[in-house]
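Structure data (compact mmCIF, C-alpha atoms) from upload03.txt:
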```
# COMPACT_ATOMS: atom_id res chain seq x y z
CA MET A 81 31.41 -45.17 40.82
CA ARG A 82 31.53 -41.42 40.20
CA ALA A 83 33.82 -40.62 43.16
CA PRO A 84 36.73 -42.86 42.05
CA ALA A 85 36.45 -41.47 38.49
CA ALA A 86 36.59 -37.90 39.81
CA ILE A 87 39.63 -38.69 41.98
CA PHE A 88 41.35 -40.35 39.00
CA LEU A 89 40.63 -37.31 36.81
CA VAL A 90 42.07 -34.91 39.43
CA LEU A 91 45.22 -37.03 39.76
CA VAL A 92 45.71 -37.25 35.99
CA LEU A 93 45.17 -33.51 35.49
CA ALA A 94 47.54 -32.67 38.34
CA GLY A 95 50.25 -34.70 36.62
CA CYS A 96 49.69 -32.77 33.37
CA SER A 97 50.04 -29.29 34.82
CA SER A 98 53.02 -27.12 34.00
CA PRO A 99 55.65 -26.43 36.66
CA ALA A 100 54.82 -23.74 39.17
CA PRO A 101 56.49 -20.39 38.45
CA ALA A 102 58.63 -20.86 41.57
CA ASP A 103 60.43 -23.71 39.78
CA ARG A 104 61.79 -21.50 37.00
CA ALA A 105 65.42 -20.44 36.83
CA CYS A 106 66.41 -16.92 35.77
CA LYS A 107 67.66 -16.96 32.17
CA LEU A 108 69.56 -13.90 30.96
CA ALA A 109 70.47 -12.98 27.38
CA LEU A 110 72.66 -10.02 26.41
CA SER A 111 73.07 -8.51 22.96
CA GLY A 112 74.89 -5.43 21.78
CA ASN A 113 78.55 -5.02 22.67
CA VAL A 114 78.27 -8.14 24.81
CA VAL A 115 76.68 -11.30 23.43
CA GLU A 116 76.09 -13.81 26.19
CA THR A 117 73.51 -16.06 27.78
CA ALA A 118 73.60 -17.06 31.43
CA ASP A 119 71.60 -18.74 34.15
CA LEU A 120 71.28 -16.51 37.22
CA GLY A 121 69.85 -19.31 39.35
CA LYS A 122 66.44 -19.60 40.90
CA ASP A 123 64.42 -16.68 42.27
CA CYS A 124 66.67 -13.83 41.12
CA ALA A 125 63.79 -11.33 41.31
CA THR A 126 62.62 -10.42 44.82
CA LEU A 127 60.62 -7.68 46.50
CA GLU A 128 62.10 -5.22 48.98
CA ALA A 129 60.30 -2.79 51.23
CA SER A 130 60.93 0.74 49.99
CA SER A 131 60.57 4.06 51.74
CA GLY A 132 57.00 5.29 52.00
CA GLY A 133 55.53 1.83 52.60
CA GLY A 134 55.79 0.56 49.03
CA TYR A 135 57.74 -2.23 47.38
CA SER A 136 60.54 -2.40 44.85
CA LEU A 137 61.30 -5.33 42.58
CA ARG A 138 65.02 -6.09 42.57
CA VAL A 139 66.87 -8.34 40.14
CA GLN A 140 70.53 -9.10 40.79
CA GLY A 141 73.14 -11.27 39.15
CA SER A 142 76.52 -11.56 37.53
CA THR A 143 77.75 -13.30 34.40
CA ALA A 144 81.11 -13.95 32.82
CA GLU A 145 80.85 -10.58 31.04
CA LEU A 146 78.89 -8.46 33.55
CA GLN A 147 79.59 -7.72 37.20
CA ALA A 148 76.92 -6.62 39.64
CA LEU A 149 73.97 -6.41 37.25
CA THR A 150 71.15 -4.79 39.22
CA PHE A 151 67.67 -3.77 38.09
CA ARG A 152 65.27 -2.09 40.52
CA VAL A 153 61.76 -0.77 39.86
CA ASP A 154 59.29 0.86 42.24
CA LEU A 155 56.04 -1.15 42.18
CA GLY A 156 54.19 1.03 44.70
CA PRO A 157 52.23 -0.04 47.80
CA ALA A 158 50.33 -2.91 46.12
CA PRO A 159 52.52 -4.87 43.65
CA ALA A 160 50.40 -6.65 41.08
CA THR A 161 50.84 -8.80 38.01
CA GLY A 162 50.78 -7.06 34.65
CA ALA A 163 52.84 -4.86 32.37
CA TYR A 164 55.15 -2.09 33.61
CA SER A 165 57.25 0.48 31.72
CA PRO A 166 59.01 3.76 32.56
CA ALA A 167 55.70 5.58 31.98
CA SER A 168 53.87 3.48 34.60
CA VAL A 169 56.30 3.61 37.56
CA ALA A 170 57.58 6.36 39.85
CA SER A 171 61.24 5.34 39.61
CA TRP A 172 63.56 2.67 38.25
CA SER A 173 67.25 2.01 37.74
CA ALA A 174 69.63 -0.48 36.16
CA SER A 175 73.41 -0.76 36.31
CA ALA A 176 76.29 -3.12 35.58
CA LEU A 177 80.04 -3.15 34.95
CA ARG A 178 81.76 -5.02 32.14
CA SER A 179 83.88 -7.77 33.72
CA SER A 180 86.65 -7.71 31.12
CA LYS A 181 86.57 -3.92 30.76
CA SER A 182 85.74 -2.68 34.23
CA ALA A 183 85.83 0.96 33.17
CA CYS A 184 82.80 0.31 30.94
CA ILE A 185 79.60 1.12 32.78
CA LEU A 186 76.09 0.18 31.70
CA SER A 187 73.25 2.21 33.16
CA ALA A 188 69.64 3.23 32.71
CA GLY A 189 66.90 4.61 34.88
CA SER A 190 64.49 7.40 35.63
CA THR A 191 67.37 9.70 36.68
CA SER A 192 69.90 8.55 34.04
CA VAL A 193 70.82 10.52 30.94
CA PRO A 194 69.93 9.11 28.50
CA GLN A 195 67.18 7.26 30.36
CA GLY A 196 67.11 3.91 28.55
CA TYR A 197 63.95 1.79 28.52
CA PHE A 198 62.40 -1.32 30.01
CA ALA A 199 59.33 -3.47 29.48
CA LEU A 200 58.45 -5.64 32.48
CA ASP A 201 55.70 -8.27 32.49
CA LEU A 202 55.01 -9.72 35.94
CA GLU A 203 53.25 -13.10 35.76
CA SER A 204 53.32 -13.66 39.53
CA VAL A 205 54.40 -11.61 42.51
CA GLU A 206 54.35 -12.22 46.26
CA ALA A 207 53.40 -8.79 47.65
CA ARG A 208 55.61 -8.88 50.74
CA ALA A 209 59.24 -8.05 51.56
CA GLY A 210 61.36 -11.02 50.50
CA GLY A 211 58.62 -12.23 48.15
CA VAL A 212 59.56 -13.71 44.80
CA ALA A 213 58.36 -12.48 41.40
CA HIS A 214 58.27 -14.24 38.03
CA GLY A 215 57.89 -12.87 34.54
CA SER A 216 60.01 -11.29 31.82
CA LEU A 217 62.09 -8.15 31.41
CA ASP A 218 63.41 -6.42 28.30
CA LEU A 219 65.87 -3.67 29.15
CA ALA A 220 67.92 -1.20 27.08
CA MET A 221 70.96 0.07 28.99
CA ASN A 222 73.33 2.82 27.87
CA VAL A 223 77.06 2.19 27.51
CA HIS A 224 79.25 4.78 29.22
CA ALA A 225 82.94 4.72 28.32
CA PRO A 226 85.49 7.01 29.93
CA PRO A 227 87.81 8.87 27.50
CA ALA A 228 90.31 6.60 25.72
CA THR A 229 88.33 3.47 26.73
CA GLU A 230 86.96 1.01 24.15
CA CYS A 231 83.66 -0.56 25.25
CA GLY A 232 82.50 -1.70 21.81
CA PRO A 233 80.90 -0.09 18.78
CA GLY A 234 77.38 0.26 20.18
CA ASP A 235 75.88 2.80 22.56
CA THR A 236 73.31 0.43 24.08
CA GLU A 237 73.18 -3.06 25.55
CA GLN A 238 69.98 -5.11 25.32
CA VAL A 239 69.17 -7.31 28.31
CA THR A 240 66.43 -9.94 28.18
CA LEU A 241 65.53 -11.86 31.32
CA GLN A 242 63.04 -14.65 31.94
CA PHE A 243 62.57 -15.10 35.67
```
Show me, as structure tokens, the structure contained in the file I just sent.
Amino acid sequence: MRAPAAIFLVLVLAGCSSPAPADRACKLALSGNVVETADLGKDCATLEASSGGGYSLRVQGSTAELQALTFRVDLGPAPATGAYSPASVASWSASALRSSKSACILSAGSTSVPQGYFALDLESVEARAGGVAHGSLDLAMNVHAPPATECGPGDTEQVTLQF
């Protein structure tokens, strides 16, 4: 009588579990000069092999207001779950163009001036090229406007991503 009860319990608990991280879509929210929310689809954050045998996390997408949004962070030779920031990685970069004002550039990164900031929390990561990662990203990007170009009143754009 114990075996059927155990099987029943396993089946019931399996039905109560939350969706696997791989089932989550990438949800983007922008605030600053651009206020927008968008769905970037499923699995927008992937790992790429980087020079030196390590891995980089890459997030890509576009929205109605941003073209070619790209975020890349060096995760080193053994990507792991946990918290990352500019102080804990060797290099990182982020860039995008405003769709309606293509001269307006958003950028941040370890070689940008000013640098900007990010807080990355990886909940899951497949440590292989082409692997998928899931977690959250908060990113502050700087607004760069050429002379005589209006990009909005603020100097920064906040990007929040659940992936």
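Proximity to Leu155 of chain A at 10 Å, evaluated using all atoms listed in the file and with sequence-adjacent residues fewer than 5 positions away removed, yields Leu127, Glu128, Ser130, Gly134, Tyr135, Ser136, Leu137, Ala160, Tyr164, Ser168, Val169, Ala170, Ser171, Trp172 and Ala207 of chain A.
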- In terms of only C-alpha atoms, the residue from A:Leu217, A:Gln195, A:Cys184, A:Ala209 at minimal distance from Asn113 of chain A is A:Cys184
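Of the residues under consideration (A:Thr161, A:Thr240, A:Ser187, A:Ser173), A:Thr240 shows the shortest atom-to-atom contact distance to Cys106 of chain A when counting only C-alpha atoms.
When all atoms listed in the file are used to measure the gap to Ala167 of chain A, the shortest distance among A:Leu200, A:Leu110, A:Gln140, A:Leu120 belongs to A:Leu200.
Between Gly132 of chain A and the residues A:Glu206, A:Asp154, A:Asp235, A:Asp218, the shortest atom-to-atom distance, using all atoms listed in the file, involves A:Asp154.
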- Task: Determine, counting only C-alpha atoms, every residue of protein, DNA or RNA that lies within 8 Å of (90.0, -2.1, 27.9) in the file coordinates, then give the result as a PyMOL selection string.
- Result: chain A and resi 180-183+229-231
- Quick one: everything within 6 Å of Gly196 of chain A, counting all atoms listed in the file, minus sequence neighbours fewer than 2 positions away in the same chain. Send it as a VMD selection string. chain A and resid 188 194 220 to 221
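Among the candidates A:His224, A:Arg152, A:His214, A:Arg178, the residue lying nearest to Ala105 of chain A is A:His214 (atoms considered: only C-alpha atoms).
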- The residue from A:Leu186, A:Glu116, A:Arg208, A:Val139 with the smallest atom-to-atom distance to Thr236 of chain A, counting all atoms listed in the file, is A:Leu186
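One distance worth recording is that between atom CA of Val239 of chain A and atom CA of Ala225 of chain A, which is 18.3 Å.
As for atom CA of Cys124 of chain A and atom CA of Gly211 of chain A, they are spaced 10.8 Å apart.
Relative to atom CA of Tyr197 of chain A, atom CA of Phe243 of chain A is found at 18.4 Å.
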Please output segment 174-202 of chain A, rebuilt to include N, CA and C atoms, as a PDB file, keeping the file's coordinate frame.
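Result file part18.pdb:
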```
ATOM      1  N   ALA A 174      68.900   0.719  36.572  1.00  0.00           N
ATOM      2  CA  ALA A 174      69.630  -0.480  36.160  1.00  0.00           C
ATOM      3  C   ALA A 174      71.094  -0.107  36.024  1.00  0.00           C
ATOM      4  N   SER A 175      71.980  -1.024  36.436  1.00  0.00           N
ATOM      5  CA  SER A 175      73.410  -0.760  36.310  1.00  0.00           C
ATOM      6  C   SER A 175      74.188  -2.065  36.242  1.00  0.00           C
ATOM      7  N   ALA A 176      75.367  -1.986  35.657  1.00  0.00           N
ATOM      8  CA  ALA A 176      76.290  -3.120  35.580  1.00  0.00           C
ATOM      9  C   ALA A 176      77.651  -2.606  35.151  1.00  0.00           C
ATOM     10  N   LEU A 177      78.677  -3.410  35.414  1.00  0.00           N
ATOM     11  CA  LEU A 177      80.040  -3.150  34.950  1.00  0.00           C
ATOM     12  C   LEU A 177      80.448  -4.283  34.031  1.00  0.00           C
ATOM     13  N   ARG A 178      81.197  -3.972  32.986  1.00  0.00           N
ATOM     14  CA  ARG A 178      81.760  -5.020  32.140  1.00  0.00           C
ATOM     15  C   ARG A 178      82.875  -5.709  32.894  1.00  0.00           C
ATOM     16  N   SER A 179      82.866  -7.024  32.973  1.00  0.00           N
ATOM     17  CA  SER A 179      83.880  -7.770  33.720  1.00  0.00           C
ATOM     18  C   SER A 179      85.263  -7.624  33.096  1.00  0.00           C
ATOM     19  N   SER A 180      85.345  -7.764  31.779  1.00  0.00           N
ATOM     20  CA  SER A 180      86.650  -7.710  31.120  1.00  0.00           C
ATOM     21  C   SER A 180      87.136  -6.283  30.892  1.00  0.00           C
ATOM     22  N   LYS A 181      86.226  -5.334  30.960  1.00  0.00           N
ATOM     23  CA  LYS A 181      86.570  -3.920  30.760  1.00  0.00           C
ATOM     24  C   LYS A 181      85.880  -3.130  31.860  1.00  0.00           C
ATOM     25  N   SER A 182      86.426  -3.208  33.061  1.00  0.00           N
ATOM     26  CA  SER A 182      85.740  -2.680  34.230  1.00  0.00           C
ATOM     27  C   SER A 182      85.483  -1.178  34.198  1.00  0.00           C
ATOM     28  N   ALA A 183      86.118  -0.463  33.288  1.00  0.00           N
ATOM     29  CA  ALA A 183      85.830   0.960  33.170  1.00  0.00           C
ATOM     30  C   ALA A 183      84.540   1.210  32.394  1.00  0.00           C
ATOM     31  N   CYS A 184      84.021   0.184  31.720  1.00  0.00           N
ATOM     32  CA  CYS A 184      82.800   0.310  30.940  1.00  0.00           C
ATOM     33  C   CYS A 184      81.590   0.111  31.847  1.00  0.00           C
ATOM     34  N   ILE A 185      80.765   1.137  31.910  1.00  0.00           N
ATOM     35  CA  ILE A 185      79.600   1.120  32.780  1.00  0.00           C
ATOM     36  C   ILE A 185      78.341   1.077  31.931  1.00  0.00           C
ATOM     37  N   LEU A 186      77.395   0.226  32.325  1.00  0.00           N
ATOM     38  CA  LEU A 186      76.090   0.180  31.700  1.00  0.00           C
ATOM     39  C   LEU A 186      75.099   0.742  32.695  1.00  0.00           C
ATOM     40  N   SER A 187      74.229   1.645  32.238  1.00  0.00           N
ATOM     41  CA  SER A 187      73.250   2.210  33.160  1.00  0.00           C
ATOM     42  C   SER A 187      71.990   2.635  32.423  1.00  0.00           C
ATOM     43  N   ALA A 188      70.930   2.737  33.192  1.00  0.00           N
ATOM     44  CA  ALA A 188      69.640   3.230  32.710  1.00  0.00           C
ATOM     45  C   ALA A 188      68.815   3.565  33.940  1.00  0.00           C
ATOM     46  N   GLY A 189      67.773   4.321  33.756  1.00  0.00           N
ATOM     47  CA  GLY A 189      66.900   4.610  34.880  1.00  0.00           C
ATOM     48  C   GLY A 189      66.209   5.944  34.764  1.00  0.00           C
ATOM     49  N   SER A 190      65.292   6.171  35.666  1.00  0.00           N
ATOM     50  CA  SER A 190      64.490   7.400  35.630  1.00  0.00           C
ATOM     51  C   SER A 190      65.325   8.650  35.860  1.00  0.00           C
ATOM     52  N   THR A 191      66.509   8.526  36.483  1.00  0.00           N
ATOM     53  CA  THR A 191      67.370   9.700  36.680  1.00  0.00           C
ATOM     54  C   THR A 191      68.630   9.650  35.819  1.00  0.00           C
ATOM     55  N   SER A 192      68.741   8.666  34.934  1.00  0.00           N
ATOM     56  CA  SER A 192      69.900   8.550  34.040  1.00  0.00           C
ATOM     57  C   SER A 192      69.722   9.415  32.801  1.00  0.00           C
ATOM     58  N   VAL A 193      70.850   9.795  32.206  1.00  0.00           N
ATOM     59  CA  VAL A 193      70.820  10.520  30.940  1.00  0.00           C
ATOM     60  C   VAL A 193      71.790   9.831  30.006  1.00  0.00           C
ATOM     61  N   PRO A 194      71.333   9.298  28.876  1.00  0.00           N
ATOM     62  CA  PRO A 194      69.930   9.110  28.500  1.00  0.00           C
ATOM     63  C   PRO A 194      69.268   8.059  29.396  1.00  0.00           C
ATOM     64  N   GLN A 195      67.935   8.061  29.405  1.00  0.00           N
ATOM     65  CA  GLN A 195      67.180   7.260  30.360  1.00  0.00           C
ATOM     66  C   GLN A 195      67.233   5.758  30.091  1.00  0.00           C
ATOM     67  N   GLY A 196      67.245   5.329  28.844  1.00  0.00           N
ATOM     68  CA  GLY A 196      67.110   3.910  28.550  1.00  0.00           C
ATOM     69  C   GLY A 196      65.640   3.531  28.570  1.00  0.00           C
ATOM     70  N   TYR A 197      65.351   2.246  28.571  1.00  0.00           N
ATOM     71  CA  TYR A 197      63.950   1.790  28.520  1.00  0.00           C
ATOM     72  C   TYR A 197      63.852   0.392  29.088  1.00  0.00           C
ATOM     73  N   PHE A 198      62.681   0.056  29.609  1.00  0.00           N
ATOM     74  CA  PHE A 198      62.400  -1.320  30.010  1.00  0.00           C
ATOM     75  C   PHE A 198      60.936  -1.647  29.756  1.00  0.00           C
ATOM     76  N   ALA A 199      60.680  -2.914  29.548  1.00  0.00           N
ATOM     77  CA  ALA A 199      59.330  -3.470  29.480  1.00  0.00           C
ATOM     78  C   ALA A 199      59.327  -4.673  30.414  1.00  0.00           C
ATOM     79  N   LEU A 200      58.530  -4.604  31.452  1.00  0.00           N
ATOM     80  CA  LEU A 200      58.450  -5.640  32.480  1.00  0.00           C
ATOM     81  C   LEU A 200      57.063  -6.246  32.455  1.00  0.00           C
ATOM     82  N   ASP A 201      56.986  -7.568  32.414  1.00  0.00           N
ATOM     83  CA  ASP A 201      55.700  -8.270  32.490  1.00  0.00           C
ATOM     84  C   ASP A 201      55.760  -9.210  33.680  1.00  0.00           C
ATOM     85  N   LEU A 202      55.041  -8.878  34.744  1.00  0.00           N
ATOM     86  CA  LEU A 202      55.010  -9.720  35.940  1.00  0.00           C
ATOM     87  C   LEU A 202      53.874 -10.737  35.808  1.00  0.00           C
TER      88      LEU A 202
END
```
